[in-house]
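With mmCIF, C-alpha atoms inside, this is work-v5.cif:
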data_coords
#
loop_
_atom_site.group_PDB
_atom_site.id
_atom_site.type_symbol
_atom_site.label_atom_id
_atom_site.label_comp_id
_atom_site.auth_asym_id
_atom_site.auth_seq_id
_atom_site.Cartn_x
_atom_site.Cartn_y
_atom_site.Cartn_z
ATOM 1 C CA MET A 196 -83.127 -26.103 21.741
ATOM 2 C CA ALA A 197 -79.892 -24.131 21.854
ATOM 3 C CA LEU A 198 -78.514 -26.482 24.506
ATOM 4 C CA TYR A 199 -79.424 -29.490 22.345
ATOM 5 C CA LEU A 200 -77.626 -28.027 19.352
ATOM 6 C CA LEU A 201 -74.543 -27.269 21.453
ATOM 7 C CA CYS A 202 -74.425 -30.835 22.710
ATOM 8 C CA LEU A 203 -74.861 -32.152 19.168
ATOM 9 C CA VAL A 204 -71.959 -30.024 17.907
ATOM 10 C CA LEU A 205 -69.711 -31.095 20.770
ATOM 11 C CA SER A 206 -70.587 -34.758 20.198
ATOM 12 C CA THR A 207 -69.906 -34.497 16.463
ATOM 13 C CA THR A 208 -66.595 -32.739 17.120
ATOM 14 C CA LEU A 209 -65.545 -35.421 19.593
ATOM 15 C CA VAL A 210 -66.337 -38.204 17.122
ATOM 16 C CA PHE A 211 -64.428 -36.358 14.388
ATOM 17 C CA MET A 212 -61.407 -35.882 16.646
ATOM 18 C CA GLN A 213 -61.500 -39.558 17.633
ATOM 19 C CA THR A 214 -61.682 -40.610 13.976
ATOM 20 C CA GLN A 215 -58.746 -38.357 13.126
ATOM 21 C CA ALA A 216 -56.728 -39.821 15.996
ATOM 22 C CA ASP A 217 -57.509 -43.388 14.902
ATOM 23 C CA THR A 218 -56.497 -42.829 11.286
ATOM 24 C CA SER A 219 -53.252 -41.112 12.233
ATOM 25 C CA CYS A 220 -52.149 -43.690 14.782
ATOM 26 C CA THR A 221 -48.957 -45.343 13.557
ATOM 27 C CA ASP A 222 -48.489 -47.617 16.588
ATOM 28 C CA CYS A 223 -52.032 -48.958 16.901
ATOM 29 C CA PHE A 224 -52.745 -52.665 16.563
ATOM 30 C CA VAL A 225 -54.731 -53.983 13.585
ATOM 31 C CA HIS A 226 -57.005 -57.008 13.945
ATOM 32 C CA SER A 227 -56.436 -59.979 11.630
ATOM 33 C CA ARG A 228 -55.732 -63.721 11.588
ATOM 34 C CA ALA A 229 -52.593 -65.843 11.438
ATOM 35 C CA THR A 230 -51.593 -69.421 10.819
ATOM 36 C CA TYR A 231 -48.234 -71.206 10.452
ATOM 37 C CA TYR A 232 -46.356 -73.093 7.733
ATOM 38 C CA PRO A 233 -47.811 -76.628 7.538
ATOM 39 C CA ASN A 234 -45.439 -79.597 7.569
ATOM 40 C CA SER A 235 -42.545 -77.304 8.371
ATOM 41 C CA GLU A 236 -39.600 -77.274 10.688
ATOM 42 C CA ASP A 237 -39.493 -74.699 13.469
ATOM 43 C CA HIS A 238 -37.874 -72.098 11.229
ATOM 44 C CA GLY A 239 -39.190 -70.403 8.095
ATOM 45 C CA THR A 240 -38.845 -71.457 4.468
ATOM 46 C CA ASP A 241 -35.573 -71.217 2.551
ATOM 47 C CA ALA A 242 -37.464 -70.591 -0.709
ATOM 48 C CA GLY A 243 -39.386 -67.450 0.209
ATOM 49 C CA ALA A 244 -40.606 -64.897 -2.335
ATOM 50 C CA CYS A 245 -38.359 -62.203 -0.847
ATOM 51 C CA GLY A 246 -35.268 -63.897 -2.271
ATOM 52 C CA PHE A 247 -33.464 -64.326 1.055
ATOM 53 C CA GLY A 248 -32.822 -68.037 0.473
ATOM 54 C CA SER A 249 -31.620 -70.092 3.443
ATOM 55 C CA PHE A 250 -30.743 -66.856 5.243
ATOM 56 C CA GLY A 251 -34.473 -66.072 5.397
ATOM 57 C CA ALA A 252 -35.252 -69.295 7.244
ATOM 58 C CA THR A 253 -33.115 -68.433 10.273
ATOM 59 C CA LEU A 254 -33.225 -64.612 10.218
ATOM 60 C CA ASN A 255 -34.346 -63.173 13.569
ATOM 61 C CA GLY A 256 -33.730 -66.546 15.169
ATOM 62 C CA GLY A 257 -36.320 -68.122 12.882
ATOM 63 C CA ASP A 258 -39.149 -65.827 13.983
ATOM 64 C CA VAL A 259 -40.217 -65.026 10.426
ATOM 65 C CA SER A 260 -43.415 -64.927 8.417
ATOM 66 C CA ALA A 261 -45.021 -64.876 5.005
ATOM 67 C CA ALA A 262 -47.435 -61.995 4.389
ATOM 68 C CA SER A 263 -50.317 -61.421 2.015
ATOM 69 C CA ASN A 264 -51.214 -57.732 1.580
ATOM 70 C CA LEU A 265 -48.261 -56.627 3.693
ATOM 71 C CA TYR A 266 -45.888 -58.144 1.128
ATOM 72 C CA ARG A 267 -46.655 -55.109 -1.094
ATOM 73 C CA ASP A 268 -45.002 -56.424 -4.275
ATOM 74 C CA GLY A 269 -41.767 -56.980 -2.371
ATOM 75 C CA VAL A 270 -41.556 -53.601 -0.625
ATOM 76 C CA GLY A 271 -42.657 -55.309 2.592
ATOM 77 C CA CYS A 272 -39.747 -57.760 2.565
ATOM 78 C CA GLY A 273 -37.563 -57.312 5.638
ATOM 79 C CA ALA A 274 -40.213 -55.325 7.548
ATOM 80 C CA CYS A 275 -40.845 -56.259 11.184
ATOM 81 C CA TYR A 276 -44.186 -56.677 12.943
ATOM 82 C CA GLN A 277 -45.288 -57.381 16.482
ATOM 83 C CA VAL A 278 -47.925 -60.117 16.289
ATOM 84 C CA ARG A 279 -49.943 -61.294 19.277
ATOM 85 C CA CYS A 280 -52.890 -63.669 19.405
ATOM 86 C CA THR A 281 -55.995 -62.638 21.324
ATOM 87 C CA ASN A 282 -57.066 -65.838 23.086
ATOM 88 C CA SER A 283 -56.357 -64.971 26.738
ATOM 89 C CA ALA A 284 -56.283 -68.650 27.701
ATOM 90 C CA TYR A 285 -53.161 -69.304 25.641
ATOM 91 C CA CYS A 286 -51.661 -66.034 24.419
ATOM 92 C CA SER A 287 -49.057 -63.753 25.993
ATOM 93 C CA ASP A 288 -49.418 -59.973 26.122
ATOM 94 C CA ASN A 289 -46.342 -59.243 24.013
ATOM 95 C CA GLY A 290 -46.654 -61.953 21.373
ATOM 96 C CA VAL A 291 -43.703 -62.206 18.978
ATOM 97 C CA ASN A 292 -41.764 -59.916 16.657
ATOM 98 C CA VAL A 293 -41.408 -61.368 13.157
ATOM 99 C CA VAL A 294 -39.652 -60.419 9.910
ATOM 100 C CA ILE A 295 -41.415 -60.717 6.546
ATOM 101 C CA THR A 296 -39.450 -63.123 4.329
ATOM 102 C CA ASP A 297 -42.119 -64.605 2.047
ATOM 103 C CA GLN A 298 -45.489 -64.028 0.388
ATOM 104 C CA GLY A 299 -48.584 -66.107 1.061
ATOM 105 C CA SER A 300 -52.082 -66.235 2.509
ATOM 106 C CA SER A 301 -54.304 -68.928 3.950
ATOM 107 C CA ASP A 302 -57.869 -68.828 5.261
ATOM 108 C CA ASN A 303 -58.114 -65.005 5.266
ATOM 109 C CA THR A 304 -54.859 -64.531 7.147
ATOM 110 C CA ASP A 305 -52.365 -61.665 6.957
ATOM 111 C CA PHE A 306 -49.529 -63.802 8.331
ATOM 112 C CA ILE A 307 -48.254 -67.340 7.837
ATOM 113 C CA LEU A 308 -45.751 -67.583 10.662
ATOM 114 C CA SER A 309 -42.932 -70.031 11.088
ATOM 115 C CA LYS A 310 -43.884 -72.757 13.547
ATOM 116 C CA ARG A 311 -41.366 -71.297 15.961
ATOM 117 C CA ALA A 312 -42.866 -67.804 15.784
ATOM 118 C CA PHE A 313 -46.427 -69.120 16.084
ATOM 119 C CA GLY A 314 -45.477 -70.945 19.268
ATOM 120 C CA HIS A 315 -43.772 -67.848 20.662
ATOM 121 C CA MET A 316 -47.150 -66.116 20.900
ATOM 122 C CA ALA A 317 -48.114 -68.524 23.693
ATOM 123 C CA GLN A 318 -47.789 -67.978 27.436
ATOM 124 C CA THR A 319 -46.243 -71.340 28.309
ATOM 125 C CA THR A 320 -44.961 -74.556 26.731
ATOM 126 C CA ASP A 321 -48.299 -76.242 27.364
ATOM 127 C CA ALA A 322 -50.099 -73.282 25.818
ATOM 128 C CA THR A 323 -47.838 -73.563 22.760
ATOM 129 C CA ALA A 324 -49.123 -77.071 22.048
ATOM 130 C CA SER A 325 -52.717 -75.898 22.421
ATOM 131 C CA LEU A 326 -52.088 -72.912 20.157
ATOM 132 C CA LEU A 327 -50.494 -75.052 17.455
ATOM 133 C CA ALA A 328 -53.464 -77.418 17.618
ATOM 134 C CA LEU A 329 -55.790 -74.535 16.739
ATOM 135 C CA GLY A 330 -53.930 -73.906 13.487
ATOM 136 C CA VAL A 331 -55.492 -70.508 12.772
ATOM 137 C CA VAL A 332 -55.945 -67.810 15.412
ATOM 138 C CA ASP A 333 -57.230 -64.253 15.720
ATOM 139 C CA ILE A 334 -54.399 -61.767 16.169
ATOM 140 C CA GLU A 335 -53.451 -58.124 16.524
ATOM 141 C CA TYR A 336 -50.393 -56.743 14.756
ATOM 142 C CA ARG A 337 -48.460 -53.513 14.272
ATOM 143 C CA ARG A 338 -45.304 -52.404 12.465
ATOM 144 C CA VAL A 339 -42.237 -52.164 14.706
ATOM 145 C CA ALA A 340 -38.609 -51.235 14.112
ATOM 146 C CA CYS A 341 -36.245 -54.013 13.066
ATOM 147 C CA SER A 342 -33.120 -54.145 15.190
ATOM 148 C CA TYR A 343 -29.889 -56.071 14.596
ATOM 149 C CA PRO A 344 -27.447 -54.437 17.058
ATOM 150 C CA SER A 345 -24.402 -56.408 15.955
ATOM 151 C CA LYS A 346 -25.134 -56.299 12.224
ATOM 152 C CA ASN A 347 -24.819 -53.704 9.483
ATOM 153 C CA ILE A 348 -26.952 -53.657 6.359
ATOM 154 C CA THR A 349 -25.436 -56.328 4.134
ATOM 155 C CA PHE A 350 -25.482 -57.072 0.401
ATOM 156 C CA LYS A 351 -25.515 -60.696 -0.800
ATOM 157 C CA ILE A 352 -24.584 -61.028 -4.493
ATOM 158 C CA ASP A 353 -26.903 -63.564 -6.110
ATOM 159 C CA GLU A 354 -25.255 -66.665 -7.561
ATOM 160 C CA SER A 355 -26.837 -65.897 -10.950
ATOM 161 C CA SER A 356 -24.751 -62.723 -11.264
ATOM 162 C CA GLY A 357 -21.954 -62.499 -13.807
ATOM 163 C CA ASN A 358 -19.310 -59.780 -13.643
ATOM 164 C CA PRO A 359 -19.273 -57.381 -15.459
ATOM 165 C CA HIS A 360 -22.681 -57.634 -17.122
ATOM 166 C CA TYR A 361 -25.496 -58.949 -14.916
ATOM 167 C CA LEU A 362 -25.625 -57.986 -11.233
ATOM 168 C CA ALA A 363 -28.322 -59.115 -8.794
ATOM 169 C CA PHE A 364 -28.173 -58.750 -5.042
ATOM 170 C CA VAL A 365 -30.434 -59.015 -2.009
ATOM 171 C CA ILE A 366 -30.355 -56.677 0.991
ATOM 172 C CA TRP A 367 -29.990 -58.294 4.424
ATOM 173 C CA TYR A 368 -30.560 -56.833 7.900
ATOM 174 C CA GLN A 369 -32.887 -53.983 6.909
ATOM 175 C CA GLN A 370 -33.252 -51.895 10.069
ATOM 176 C CA GLY A 371 -35.733 -49.413 11.518
ATOM 177 C CA LYS A 372 -39.362 -48.960 10.410
ATOM 178 C CA ARG A 373 -38.817 -47.459 6.959
ATOM 179 C CA ASP A 374 -39.110 -49.252 3.622
ATOM 180 C CA ILE A 375 -36.378 -49.448 1.005
ATOM 181 C CA THR A 376 -38.268 -48.054 -1.990
ATOM 182 C CA ALA A 377 -35.422 -47.392 -4.446
ATOM 183 C CA VAL A 378 -31.794 -48.398 -4.954
ATOM 184 C CA GLN A 379 -29.086 -46.694 -7.008
ATOM 185 C CA LEU A 380 -25.838 -48.191 -8.221
ATOM 186 C CA CYS A 381 -23.074 -45.593 -8.500
ATOM 187 C CA GLU A 382 -19.618 -45.532 -10.007
ATOM 188 C CA THR A 383 -17.166 -44.432 -7.343
ATOM 189 C CA GLN A 384 -14.801 -42.731 -9.787
ATOM 190 C CA ASN A 385 -17.132 -40.308 -11.604
ATOM 191 C CA PHE A 386 -20.192 -40.627 -9.306
ATOM 192 C CA VAL A 387 -22.612 -41.467 -12.123
ATOM 193 C CA CYS A 388 -25.608 -43.329 -10.666
ATOM 194 C CA LYS A 389 -28.411 -45.425 -12.156
ATOM 195 C CA LEU A 390 -31.652 -46.665 -10.635
ATOM 196 C CA LEU A 391 -31.928 -50.432 -10.331
ATOM 197 C CA ASP A 392 -34.933 -52.672 -10.967
ATOM 198 C CA ARG A 393 -36.613 -54.586 -8.156
ATOM 199 C CA SER A 394 -36.570 -58.052 -9.659
ATOM 200 C CA HIS A 395 -38.660 -59.574 -6.878
ATOM 201 C CA GLY A 396 -38.853 -59.291 -3.131
ATOM 202 C CA ALA A 397 -35.682 -57.710 -1.773
ATOM 203 C CA VAL A 398 -33.642 -58.538 -4.918
ATOM 204 C CA TRP A 399 -32.317 -55.669 -7.065
ATOM 205 C CA THR A 400 -30.820 -56.143 -10.531
ATOM 206 C CA THR A 401 -29.126 -54.494 -13.484
ATOM 207 C CA THR A 402 -28.026 -55.873 -16.852
ATOM 208 C CA SER A 403 -25.348 -53.200 -17.276
ATOM 209 C CA ALA A 404 -23.294 -52.886 -14.112
ATOM 210 C CA PRO A 405 -20.725 -50.044 -14.191
ATOM 211 C CA SER A 406 -17.046 -50.902 -14.083
ATOM 212 C CA GLY A 407 -14.808 -50.359 -11.092
ATOM 213 C CA PRO A 408 -15.757 -50.333 -7.407
ATOM 214 C CA LEU A 409 -19.475 -49.722 -6.845
ATOM 215 C CA SER A 410 -21.487 -47.801 -4.279
ATOM 216 C CA ILE A 411 -25.053 -48.903 -3.517
ATOM 217 C CA ARG A 412 -27.374 -46.096 -2.350
ATOM 218 C CA MET A 413 -30.719 -46.943 -0.722
ATOM 219 C CA LEU A 414 -33.812 -44.748 -0.392
ATOM 220 C CA PHE A 415 -35.500 -45.304 2.972
ATOM 221 C CA SER A 416 -39.125 -44.095 2.948
ATOM 222 C CA ASP A 417 -41.817 -43.669 5.574
ATOM 223 C CA GLU A 418 -45.111 -43.506 3.687
ATOM 224 C CA GLU A 419 -47.173 -42.575 6.747
ATOM 225 C CA GLU A 420 -44.892 -39.720 7.789
ATOM 226 C CA GLY A 421 -44.115 -38.661 4.218
ATOM 227 C CA GLU A 422 -40.380 -38.735 4.896
ATOM 228 C CA GLU A 423 -37.554 -40.264 2.878
ATOM 229 C CA ALA A 424 -33.772 -40.164 2.857
ATOM 230 C CA TRP A 425 -30.946 -41.635 0.788
ATOM 231 C CA VAL A 426 -28.439 -43.710 2.727
ATOM 232 C CA VAL A 427 -24.910 -44.066 1.355
ATOM 233 C CA PRO A 428 -22.918 -47.034 2.732
ATOM 234 C CA VAL A 429 -19.430 -46.545 4.110
ATOM 235 C CA ASN A 430 -18.068 -49.558 2.240
ATOM 236 C CA ASN A 431 -18.095 -50.068 -1.526
ATOM 237 C CA ILE A 432 -18.585 -53.245 -3.553
ATOM 238 C CA PRO A 433 -15.115 -54.161 -4.924
ATOM 239 C CA GLN A 434 -14.427 -54.241 -8.628
ATOM 240 C CA ASP A 435 -13.924 -58.018 -8.658
ATOM 241 C CA TRP A 436 -17.343 -58.854 -7.170
ATOM 242 C CA LYS A 437 -18.789 -62.260 -7.988
ATOM 243 C CA GLY A 438 -21.877 -64.324 -7.361
ATOM 244 C CA GLY A 439 -22.204 -65.639 -3.816
ATOM 245 C CA ASP A 440 -20.111 -62.915 -2.208
ATOM 246 C CA VAL A 441 -21.405 -61.087 0.884
ATOM 247 C CA TYR A 442 -20.447 -57.461 1.548
ATOM 248 C CA ASP A 443 -20.899 -55.436 4.742
ATOM 249 C CA SER A 444 -22.174 -51.902 3.997
ATOM 250 C CA GLY A 445 -20.657 -50.478 7.167
ATOM 251 C CA VAL A 446 -23.898 -48.687 8.110
ATOM 252 C CA GLN A 447 -26.918 -49.182 10.317
ATOM 253 C CA VAL A 448 -30.223 -47.361 9.829
ATOM 254 C CA ASN A 449 -32.319 -47.433 12.995
ATOM 255 C CA GLN A 450 -35.001 -44.858 12.137
#

Write the structure described by the file as C-alpha cells, please.
Amino acid sequence: MALYLLCLVLSTTLVFMQTQADTSCTDCFVHSRATYYPNSEDHGTDAGACGFGSFGATLNGGDVSAASNLYRDGVGCGACYQVRCTNSAYCSDNGVNVVITDQGSSDNTDFILSKRAFGHMAQTTDATASLLALGVVDIEYRRVACSYPSKNITFKIDESSGNPHYLAFVIWYQQGKRDITAVQLCETQNFVCKLLDRSHGAVWTTTSAPSGPLSIRMLFSDEEEGEEAWVVPVNNIPQDWKGGDVYDSGVQVNQ
C-alpha cells in the first residue's frame, strides 16, 4: 500500500511539473489553422487594419499576415511569428516568418497569410501549387523576434496630420519580441511628456502636439516575462514636421 501511494505521489508530481513546464514555455508551437488572401497578389494588402498602408504590403519581403486573436486590438501589429504547416507531404520544417500587418479571420484560422508567405511554407515549387490548392491548412506557430538589421525604428507621419494641432504617426520596423504598449510625446526643451492615444493598429495620435522639436518615447513590454522598458530615440522629430514625412529614430531594439 505504501509503495502504491509513493508511486501515485511521484506520478502526480511529474504531471504537475510537466503542466508547469508547458504553461511557461515561451518558444513552444501552438496548433491552429491558416489560409491566404483570396484574389490577391503575392504580397499583402495595402489597406491593413494596422495602418501601415502600402508599406505593409511589402514589409518583410511581402511575407506578412492578417491575424484574428493575435491582433490584440492593435498591440499585435508589427509582431513576428514563425508559421509552419503540418502536412509532411508538402510542408517544410521551418515554414515562414511573417509580420502581422492586418486583422482578419476565416474558417477558424489564426492567420490569413499573403499568397507569397503561404507558398513559402512549402518544400518545393510543385508543393507550393499543391498547398495553395488546399486553401486552408493546419499549422503550428510561435512568436519570434523581428529583425531588420539595416533598419532603425522609423516614424511615418500620417498624411491626415496638420502641424501644429493634429499629429498621427505609425511605427515601422518594430524589432525584437516585445510589444509597444505605450507611447509618449515629449517636448525637447522642457522635457514635459504626454501619453498618446492608440488610434488603431500601430497608429498613435494627439490633438494637441507640443511645439518645437519632439521626442517620441516607446514602452516595450514582455507580458510573459513581466518586463518593460522605455526606449528613447536618438533622433527627434523636427519642429516643421508635416504629413507624409518619414523620420529615422536612430535606434534598434532587438530584445

Sorted per-residue table, range 359-380 of chain A near range 292-302 of chain A, closest atoms and distance, 12 Å, only C-alpha atoms, as a tab-separated table:
residue	atom	partner	partner_atom	distance
A:Val365	CA	A:Thr296	CA	11.8
A:Ile366	CA	A:Thr296	CA	11.6
A:Trp367	CA	A:Thr296	CA	10.6
A:Tyr368	CA	A:Val294	CA	10.0
A:Gln369	CA	A:Val294	CA	9.8
A:Gln370	CA	A:Val294	CA	10.7
A:Gly371	CA	A:Val294	CA	11.8
A:Lys372	CA	A:Val294	CA	11.5

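Once the PyMOL selection byres ((chain A and resi 435) around 10) is applied to the depicted file, the selected set reads Asn358, Pro359, Ser406, Gly407, Pro408, Ile432, Pro433, Gln434, Trp436 and Lys437 of chain A.
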
- request: With a distance cut-off of 12 Å and only C-alpha atoms, select the neighbouring residues of Ala229 in chain A, excluding the residue or stretch itself and same-chain residues fewer than 5 positions from it, and output the selection as a PyMOL selection string.
  value: chain A and resi 260-263+278-281+299-310+312-314+316+326-327+329-336

Restricting it to C-alpha atoms, dump the selection as a short mmCIF file (atom, residue, chain, number, x, y, z; two decimals), keeping the file's coordinate frame.
data_model
loop_
_atom_site.label_atom_id
_atom_site.label_comp_id
_atom_site.auth_asym_id
_atom_site.auth_seq_id
_atom_site.Cartn_x
_atom_site.Cartn_y
_atom_site.Cartn_z
CA SER A 260 -43.42 -64.93 8.42
CA ALA A 261 -45.02 -64.88 5.00
CA ALA A 262 -47.44 -62.00 4.39
CA SER A 263 -50.32 -61.42 2.02
CA VAL A 278 -47.92 -60.12 16.29
CA ARG A 279 -49.94 -61.29 19.28
CA CYS A 280 -52.89 -63.67 19.40
CA THR A 281 -56.00 -62.64 21.32
CA GLY A 299 -48.58 -66.11 1.06
CA SER A 300 -52.08 -66.24 2.51
CA SER A 301 -54.30 -68.93 3.95
CA ASP A 302 -57.87 -68.83 5.26
CA ASN A 303 -58.11 -65.00 5.27
CA THR A 304 -54.86 -64.53 7.15
CA ASP A 305 -52.36 -61.66 6.96
CA PHE A 306 -49.53 -63.80 8.33
CA ILE A 307 -48.25 -67.34 7.84
CA LEU A 308 -45.75 -67.58 10.66
CA SER A 309 -42.93 -70.03 11.09
CA LYS A 310 -43.88 -72.76 13.55
CA ALA A 312 -42.87 -67.80 15.78
CA PHE A 313 -46.43 -69.12 16.08
CA GLY A 314 -45.48 -70.94 19.27
CA MET A 316 -47.15 -66.12 20.90
CA LEU A 326 -52.09 -72.91 20.16
CA LEU A 327 -50.49 -75.05 17.45
CA LEU A 329 -55.79 -74.54 16.74
CA GLY A 330 -53.93 -73.91 13.49
CA VAL A 331 -55.49 -70.51 12.77
CA VAL A 332 -55.94 -67.81 15.41
CA ASP A 333 -57.23 -64.25 15.72
CA ILE A 334 -54.40 -61.77 16.17
CA GLU A 335 -53.45 -58.12 16.52
CA TYR A 336 -50.39 -56.74 14.76
#

task: Evaluate the PyMOL selection byres ((chain A and resi 237) around 7) here and jot the selected residues down as a VMD selection string.
output: chain A and resid 235 to 236 238 to 239 309 to 311

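Shortest separation to Cys245 in chain A among A:Asn347, A:Leu391, A:Val270, A:Gly357 occurs at residue A:Val270, atoms counted being all atoms listed in the file.
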
task: Output the residue selection produced by the PyMOL selection byres ((chain A and resi 268) around 10) on the file above, formatted as a ChimeraX atom specification.
output: /A:244-245,263-267,269-272,298,393,395-397

- request: Using all atoms listed in the file, pick whichever of A:Ser345, A:Ile352, A:Gly257, A:Ala284 has the shortest atom-to-atom distance to Thr319 in chain A.
  value: A:Ala284

- request: Please indicate the distance in Å from CA of Thr383 in chain A to CA of Asn449 in chain A, rounded to one decimal place.
  value: 25.5 Å

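Going from CA of Ala404 in chain A to CA of Val441 in chain A covers 17.2 Å.
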
- line: Nearest to Val427 in chain A, restricted to all atoms listed in the file and choosing among A:Ala317, A:Leu380, A:Val225, A:Ala252, comes out as A:Leu380

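Among A:Asp392, A:Val387, A:Cys223, A:Phe350, the residue with the shortest atom-to-atom distance to Phe247 in chain A, counting all atoms listed in the file, is A:Phe350.
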
Would you compute an axis-aligned box for range 276-291 of chain A, covering every atom listed for it in the file with 5 Å of margin on each side, and report centre and edge lengths in Å to one decimal as JSON?
{"center_x": -50.4, "center_y": -63.0, "center_z": 20.3, "size_x": 23.4, "size_y": 22.6, "size_z": 24.8}

task: State, in Å with one decimal place, the distance from CA of Trp425 in chain A to CA of Thr221 in chain A.
output: 22.4 Å

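The shortest atom-to-atom distance to Phe415 in chain A, with all atoms listed in the file taken into account, belongs to A:Arg373 out of A:Arg373, A:His226, A:Lys351, A:His360.
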
statement: Of A:Gly248, A:Thr253, A:Ala424, A:Thr230, the one sitting nearest Phe364 in chain A when using only C-alpha atoms is A:Gly248
